[in-house]
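Participant: The file below is data05.cif, mmCIF, C-alpha atoms:
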data_target
loop_
_atom_site.label_atom_id
_atom_site.label_comp_id
_atom_site.auth_asym_id
_atom_site.auth_seq_id
_atom_site.Cartn_x
_atom_site.Cartn_y
_atom_site.Cartn_z
CA MET A 29 -55.65 73.79 59.26
CA ILE A 30 -54.06 71.11 61.37
CA GLN A 31 -50.60 69.65 60.87
CA VAL A 32 -50.42 67.27 57.91
CA GLY A 33 -50.20 63.74 59.26
CA LEU A 34 -51.05 60.17 58.39
CA THR A 35 -54.78 60.88 58.17
CA HIS A 36 -54.37 63.42 55.38
CA PHE A 37 -52.62 60.90 53.16
CA LEU A 38 -55.19 58.22 53.96
CA VAL A 39 -58.04 60.56 53.05
CA ILE A 40 -56.37 61.41 49.72
CA SER A 41 -56.02 57.71 49.03
CA SER A 42 -59.65 56.98 49.89
CA ILE A 43 -60.77 59.81 47.58
CA LEU A 44 -58.70 58.33 44.74
CA PHE A 45 -60.08 54.84 45.47
CA SER A 46 -63.69 56.04 45.38
CA LEU A 47 -63.14 57.95 42.14
CA GLY A 48 -61.55 54.86 40.60
CA ILE A 49 -64.51 52.67 41.58
CA TYR A 50 -66.88 55.31 40.19
CA GLY A 51 -64.97 55.34 36.89
CA ILE A 52 -65.03 51.55 36.62
CA ILE A 53 -68.77 51.35 37.29
CA THR A 54 -70.00 54.19 35.10
CA ARG A 55 -67.80 54.07 32.00
CA LYS A 56 -68.66 52.02 28.93
CA ASN A 57 -65.31 52.32 27.19
CA ALA A 58 -62.92 49.53 28.24
CA VAL A 59 -59.93 51.89 28.16
CA MET A 60 -61.69 54.15 30.66
CA VAL A 61 -62.24 51.15 32.93
CA LEU A 62 -58.46 50.59 32.79
CA MET A 63 -57.88 54.20 33.86
CA GLY A 64 -60.12 53.58 36.88
CA ILE A 65 -58.02 50.54 37.78
CA GLU A 66 -54.86 52.64 37.59
CA LEU A 67 -56.40 55.19 39.99
CA ILE A 68 -57.20 52.40 42.47
CA LEU A 69 -53.67 50.98 42.28
CA ASN A 70 -52.25 54.46 42.91
CA SER A 71 -54.43 54.91 45.97
CA ALA A 72 -53.25 51.55 47.35
CA ASN A 73 -49.66 52.66 46.78
CA ILE A 74 -50.18 55.90 48.69
CA ASN A 75 -51.49 53.83 51.60
CA PHE A 76 -48.47 51.53 51.52
CA VAL A 77 -45.97 54.38 51.49
CA ALA A 78 -47.85 56.42 54.12
CA PHE A 79 -48.05 53.53 56.57
CA SER A 80 -44.42 52.71 55.84
CA LYS A 81 -43.39 56.21 56.83
CA PHE A 82 -45.67 56.85 59.79
CA GLY A 83 -45.79 53.30 61.17
CA ASN A 84 -42.04 52.93 61.65
CA LEU A 85 -41.93 50.02 59.19
CA GLY A 86 -38.73 51.08 57.51
CA ILE A 87 -38.41 50.61 53.76
CA ASN A 88 -40.70 47.59 53.33
CA GLY A 89 -43.81 49.54 52.37
CA GLN A 90 -41.94 51.30 49.59
CA ILE A 91 -40.72 47.98 48.20
CA VAL A 92 -44.25 46.57 48.14
CA ALA A 93 -45.39 49.76 46.38
CA LEU A 94 -42.63 49.18 43.82
CA PHE A 95 -43.96 45.65 43.20
CA VAL A 96 -47.47 47.08 42.78
CA ILE A 97 -46.18 49.50 40.13
CA ILE A 98 -44.55 46.60 38.25
CA LEU A 99 -47.78 44.57 38.40
CA ALA A 100 -49.74 47.60 37.18
CA ALA A 101 -47.46 47.87 34.15
CA ALA A 102 -47.92 44.16 33.39
CA GLU A 103 -51.69 44.42 33.84
CA ALA A 104 -51.95 47.45 31.55
CA ALA A 105 -49.98 45.73 28.77
CA ILE A 106 -52.06 42.53 28.82
CA ALA A 107 -55.36 44.38 29.23
CA LEU A 108 -54.66 46.65 26.26
CA ALA A 109 -53.74 43.65 24.12
CA ILE A 110 -57.10 42.09 25.03
CA VAL A 111 -58.89 45.38 24.31
CA LEU A 112 -57.28 45.53 20.86
CA ASN A 113 -58.55 42.01 20.16
CA ILE A 114 -62.04 42.97 21.32
CA TYR A 115 -61.95 45.95 18.97
CA LYS A 116 -60.93 43.71 16.07
CA THR A 117 -63.84 41.36 16.81
CA PHE A 118 -66.67 43.77 17.70
CA THR A 119 -65.42 47.09 16.19
CA ASN A 120 -66.14 48.83 19.47
CA VAL A 121 -64.89 48.50 23.04
CA ASN A 122 -68.07 49.18 25.00
CA VAL A 123 -68.03 46.71 27.85
CA ASP A 124 -71.83 46.56 28.12
CA GLU A 125 -72.28 45.39 24.52
CA ILE A 126 -69.83 42.49 24.69
CA ASP A 127 -72.27 39.87 26.00
CA HIS A 128 -72.11 37.09 23.43
CA LEU A 129 -71.46 34.56 26.17
CA LYS A 130 -75.04 35.15 27.37
CA ASP A 131 -76.62 33.78 24.19
CA MET B 7 -49.12 76.08 58.54
CA THR B 8 -45.66 75.16 57.41
CA PHE B 9 -44.18 75.06 53.95
CA TYR B 10 -44.58 71.25 53.96
CA ASP B 11 -48.34 71.62 54.52
CA ILE B 12 -48.72 74.09 51.65
CA ILE B 13 -46.90 71.76 49.27
CA PHE B 14 -49.01 68.86 50.47
CA TYR B 15 -52.29 70.69 49.85
CA LEU B 16 -51.05 71.80 46.42
CA PHE B 17 -50.29 68.22 45.35
CA ALA B 18 -53.46 66.92 46.99
CA ILE B 19 -55.60 69.41 45.06
CA ILE B 20 -53.83 68.59 41.77
CA THR B 21 -54.32 64.86 42.35
CA VAL B 22 -57.96 64.97 43.42
CA VAL B 23 -59.16 67.51 40.85
CA SER B 24 -57.49 65.78 37.92
CA ALA B 25 -58.71 62.35 39.11
CA PHE B 26 -62.21 63.84 39.25
CA ILE B 27 -61.82 65.09 35.67
CA VAL B 28 -60.61 61.62 34.62
CA VAL B 29 -63.80 59.93 35.76
CA THR B 30 -66.29 62.65 34.80
CA THR B 31 -65.30 64.09 31.42
CA ARG B 32 -66.91 62.47 28.42
CA ASN B 33 -63.92 62.84 26.11
CA VAL B 34 -61.51 59.91 26.42
CA ILE B 35 -58.51 61.97 25.31
CA TYR B 36 -59.19 64.57 28.03
CA SER B 37 -59.36 61.72 30.54
CA GLY B 38 -56.01 60.40 29.41
CA PHE B 39 -54.33 63.76 29.74
CA SER B 40 -55.82 64.45 33.17
CA LEU B 41 -54.52 61.07 34.24
CA LEU B 42 -51.07 62.54 33.53
CA PHE B 43 -51.63 65.22 36.19
CA THR B 44 -52.97 62.63 38.63
CA PHE B 45 -49.78 60.60 38.27
CA PHE B 46 -47.62 63.69 38.75
CA GLY B 47 -49.59 64.63 41.87
CA VAL B 48 -49.17 61.14 43.30
CA ALA B 49 -45.43 61.33 42.55
CA GLY B 50 -45.31 64.61 44.51
CA ILE B 51 -47.09 62.92 47.41
CA TYR B 52 -44.47 60.16 47.34
CA VAL B 53 -41.74 62.80 47.60
CA LEU B 54 -43.51 64.34 50.60
CA LEU B 55 -43.59 60.87 52.19
CA GLY B 56 -39.83 60.50 51.80
CA ALA B 57 -39.97 58.00 48.93
CA ASP B 58 -37.79 59.70 46.34
CA PHE B 59 -36.90 56.56 44.36
CA LEU B 60 -40.54 55.54 44.20
CA ALA B 61 -41.51 59.00 42.90
CA ILE B 62 -39.04 58.71 40.04
CA VAL B 63 -40.24 55.18 39.28
CA GLN B 64 -43.81 56.46 39.32
CA ILE B 65 -43.01 59.15 36.76
CA MET B 66 -40.95 56.84 34.54
CA VAL B 67 -43.25 53.81 34.58
CA TYR B 68 -46.66 55.43 34.83
CA VAL B 69 -46.18 58.62 32.82
CA GLY B 70 -43.58 57.25 30.44
CA GLY B 71 -45.03 53.77 30.02
CA ILE B 72 -48.56 53.07 31.12
CA LEU B 73 -50.01 56.43 30.08
CA ILE B 74 -48.48 56.17 26.60
CA LEU B 75 -49.86 52.63 26.38
CA ILE B 76 -53.32 53.84 27.38
CA LEU B 77 -53.21 56.69 24.86
CA PHE B 78 -52.22 54.18 22.16
CA GLY B 79 -55.16 52.06 23.30
CA VAL B 80 -57.48 55.04 22.88
CA MET B 81 -56.08 55.87 19.46
CA LEU B 82 -56.23 52.28 18.18
CA THR B 83 -59.75 51.56 19.40
CA ASN B 84 -61.54 54.66 18.13
CA LYS B 85 -62.02 56.23 14.78
CA ILE B 86 -59.36 58.92 14.70
CA THR B 87 -61.36 60.94 12.19
CA ASP B 88 -63.87 61.81 14.91
CA VAL B 89 -62.70 65.06 16.38
CA ASP B 90 -64.04 64.30 19.83
CA ILE B 91 -63.79 60.72 21.02
CA ARG B 92 -66.67 60.31 23.43
CA THR B 93 -67.55 57.56 25.80
CA GLY B 94 -70.98 56.61 27.07
CA THR B 95 -71.88 56.28 30.71
CA VAL B 96 -74.20 53.82 32.40
CA HIS B 97 -76.08 53.91 35.72
CA LEU B 98 -74.73 57.22 36.92
CA LEU B 99 -77.05 57.79 39.86
CA PRO B 100 -76.79 54.36 41.58
CA ALA B 101 -73.02 54.48 41.09
CA ALA B 102 -72.78 57.96 42.60
CA ILE B 103 -74.86 56.91 45.62
CA GLY B 104 -72.94 53.67 46.16
CA VAL B 105 -69.55 55.30 45.75
CA GLY B 106 -70.63 58.12 48.08
CA ILE B 107 -71.52 55.58 50.78
CA LEU B 108 -68.25 53.71 50.19
CA PHE B 109 -66.26 56.94 50.38
CA GLY B 110 -68.00 58.00 53.58
CA ALA B 111 -67.34 54.63 55.21
CA LEU B 112 -63.68 54.56 54.14
CA THR B 113 -62.99 58.13 55.16
CA SER B 114 -64.70 57.78 58.54
CA VAL B 115 -62.63 54.66 59.25
CA MET B 116 -59.47 56.49 58.19
CA VAL B 117 -60.25 59.59 60.26
CA TRP B 118 -61.69 58.07 63.43
CA THR B 119 -59.24 55.21 63.88
CA ASP B 120 -56.55 56.05 66.40
CA TRP B 121 -53.51 55.07 64.34
CA LYS B 122 -50.38 54.32 66.33
CA THR B 123 -47.89 56.56 64.57
CA SER B 124 -44.23 56.71 65.39
CA PRO B 125 -42.30 58.92 63.01
CA ALA B 126 -39.33 56.89 61.91
CA GLU B 127 -36.20 58.28 60.37
CA ILE B 128 -36.45 57.34 56.72
CA PRO B 129 -32.95 57.49 55.19
CA VAL B 130 -32.32 60.69 53.31
CA THR B 131 -31.98 58.80 50.05
CA THR B 132 -33.83 55.51 49.89
CA THR B 133 -32.21 54.08 46.75
CA TYR B 134 -29.41 52.32 48.60
CA SER B 135 -31.65 50.58 51.12
CA ILE B 136 -34.26 49.65 48.49
CA GLY B 137 -31.61 48.03 46.32
CA ARG B 138 -30.14 46.23 49.31
CA GLU B 139 -33.52 44.88 50.42
CA LEU B 140 -34.47 43.84 46.88
CA LEU B 141 -31.39 41.64 46.56
CA THR B 142 -31.49 40.16 50.07
CA ASN B 143 -34.91 39.72 51.68
CA TYR B 144 -37.04 40.16 48.56
CA VAL B 145 -34.81 38.42 46.05
CA LEU B 146 -37.30 35.62 45.28
CA ILE B 147 -40.13 38.09 44.56
CA PHE B 148 -37.71 40.21 42.55
CA GLU B 149 -36.77 37.27 40.31
CA LEU B 150 -40.38 36.13 40.01
CA LEU B 151 -41.39 39.63 38.89
CA GLY B 152 -38.66 39.53 36.28
CA LEU B 153 -40.08 36.24 35.02
CA LEU B 154 -43.59 37.72 35.09
CA LEU B 155 -42.49 40.68 32.98
CA LEU B 156 -40.96 38.30 30.42
CA VAL B 157 -44.21 36.31 30.28
CA VAL B 158 -46.20 39.54 29.91
CA LEU B 159 -43.93 40.71 27.10
CA ILE B 160 -44.42 37.49 25.14
CA GLY B 161 -48.10 37.20 26.04
CA ALA B 162 -49.01 40.75 25.06
CA ALA B 163 -47.17 40.45 21.76
CA SER B 164 -48.85 37.14 20.91
CA ILE B 165 -52.34 38.28 21.99
CA ALA B 166 -52.25 41.58 20.08
CA ARG B 167 -50.65 40.10 16.93
CA ARG B 168 -52.66 40.28 13.77
CA ASP B 169 -53.36 36.97 12.08
CA LYS B 170 -51.54 36.15 8.88
CA GLU B 171 -54.55 35.42 6.70
#
Would you give me this structure, written as structure tokens?
Facilitator:
Amino acid sequence: MIQVGLTHFLVISSILFSLGIYGIITRKNAVMVLMGIELILNSANINFVAFSKFGNLGINGQIVALFVIILAAAEAAIALAIVLNIYKTFTNVNVDEIDHLKD
Amino acid sequence: MTFYDIIFYLFAIITVVSAFIVVTTRNVIYSGFSLLFTFFGVAGIYVLLGADFLAIVQIMVYVGGILILILFGVMLTNKITDVDIRTGTVHLLPAAIGVGILFGALTSVMVWTDWKTSPAEIPVTTTYSIGRELLTNYVLIFELLGLLLLVVLIGAASIARRDKE
């Protein structure tokens, strides 16, 4: 195997991104969709940190990754509050059955 | 094959396999617990990239915060009396084909692009420089994120509150 370099980290991140998209598309449960979003945010963070290390960009990439983590925490809190409200209203959280706006 | 490479492949395998379990298993609880291993693997990758502070933040915020929140979300939105909490899946085949094409395109771009790499000397411990940057160049974003977290705290509490009646 060749020396681990930038490409290895980028490939890991693209695998995580694809799996996250797959989870978002195929899952019915809203909480599972949130897990897919977390996977995508993690893959973006790996990209930031990898480019920051191998692109001679100093510490800036790590700081942006830190901001992404903070935004992910905020997003998870709000999204779960909304999911709890959906569960109170519909008694399930399947995203393909919540289509009352269509009627 | 150096020691660094072996550690990298170990963390990469942990991350990818557990992320695969997250999106394929039908039991939501199993997904939540495999997400734990994904986050740990990503934290290990951060350490390999020289981002020690970020790895600790990843473990504390993701594993200690977001994952617990997600598990509470699972517990509060399903009937706990069911032994196995299952989730349905929709359009598996088109999703697999589309995501396969997306993955192939992304990976080929990542692999075939001739990235200009110049290994920089990341400081041995990054905490000092991150703190310094946060309070000088990024101070406006730092304060705005603090404000955002306050808004999220109030907003989440008021959205999820049960009505009095």
Participant: Counting only C-alpha atoms, which of B:Thr95, B:Thr83, B:Ser114, B:Thr142 gets nearest to Asn113 (chain A)?
Facilitator: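 Selected residue with least distance to Asn113 (chain A): B:Thr83.
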Participant: Name the closest residue to Ile51 (chain B) among the candidates B:Ile136, B:Leu156, B:Leu146, B:Ile13; distances are taken between atoms, counting all atoms listed in the file.
Facilitator: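 Of all the options, B:Ile13 lies closest to Ile51 (chain B).
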Participant: Could you expand the PyMOL selection byres ((chain A and resi 52) around 9) into the explicit residues it covers here, written as a PyMOL selection string?
Facilitator: (chain A and resi 47-51+53-56+58+60-65) or (chain B and resi 29)
Participant: Pick out the closest residue to Ile35 (chain B) from this set: B:Leu154, B:Leu108, B:Leu77, B:Ala57. Count all atoms listed in the file.
Facilitator: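 Using all atoms listed in the file, the shortest distance to Ile35 (chain B) belongs to B:Leu77.
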Participant: In Å, how far is it from CA of Leu75 (chain B) to CA of Thr133 (chain B)?
Facilitator: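 CA of Thr133 (chain B) lies 27.0 Å from CA of Leu75 (chain B).
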Participant: Of the candidates A:Leu85, A:Ser71, A:Glu125, A:Ala109, which one gets nearest to chain B if we count only C-alpha atoms?
Facilitator: A:Ala109
Participant: For the atom pair CA of Leu54 (chain B) and CA of Phe79 (chain A), what is the interatomic distance in Å to one decimal place?
Facilitator: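 Pair CA of Leu54 (chain B) / CA of Phe79 (chain A) returns 13.2 Å.
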Participant: Return the single residue from A:Ala101, A:Lys116, A:Leu94, A:Ile126 that is closest to Ala72 (chain A), with distances computed using only C-alpha atoms.
Facilitator: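 Answer, going by the shortest atom-to-atom distance: A:Leu94.
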Participant: Can you save region 70-90 of chain A of the given block to a file, including C-alpha atoms and formatted as a JSON list (two decimals), in the first residue's frame?
Facilitator:
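Full text of selection.json as output:
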[["chain", "number", "residue", "atom", "x", "y", "z"],
["A", 70, "ASN", "CA", -18.39, 14.81, 9.74],
["A", 71, "SER", "CA", -17.20, 14.16, 6.20],
["A", 72, "ALA", "CA", -17.06, 17.91, 5.51],
["A", 73, "ASN", "CA", -15.03, 18.35, 8.70],
["A", 74, "ILE", "CA", -12.51, 15.71, 7.65],
["A", 75, "ASN", "CA", -12.07, 17.60, 4.38],
["A", 76, "PHE", "CA", -11.50, 20.89, 6.19],
["A", 77, "VAL", "CA", -8.90, 19.46, 8.54],
["A", 78, "ALA", "CA", -7.14, 17.45, 5.82],
["A", 79, "PHE", "CA", -6.79, 20.43, 3.50],
["A", 80, "SER", "CA", -5.71, 22.54, 6.45],
["A", 81, "LYS", "CA", -2.88, 20.14, 7.19],
["A", 82, "PHE", "CA", -1.72, 19.25, 3.69],
["A", 83, "GLY", "CA", -2.38, 22.61, 2.03],
["A", 84, "ASN", "CA", -0.17, 24.65, 4.35],
["A", 85, "LEU", "CA", -3.16, 26.70, 5.52],
["A", 86, "GLY", "CA", -2.15, 26.78, 9.15],
["A", 87, "ILE", "CA", -4.85, 26.50, 11.79],
["A", 88, "ASN", "CA", -7.75, 28.07, 9.85],
["A", 89, "GLY", "CA", -9.25, 24.82, 8.61],
["A", 90, "GLN", "CA", -9.44, 23.47, 12.14]]
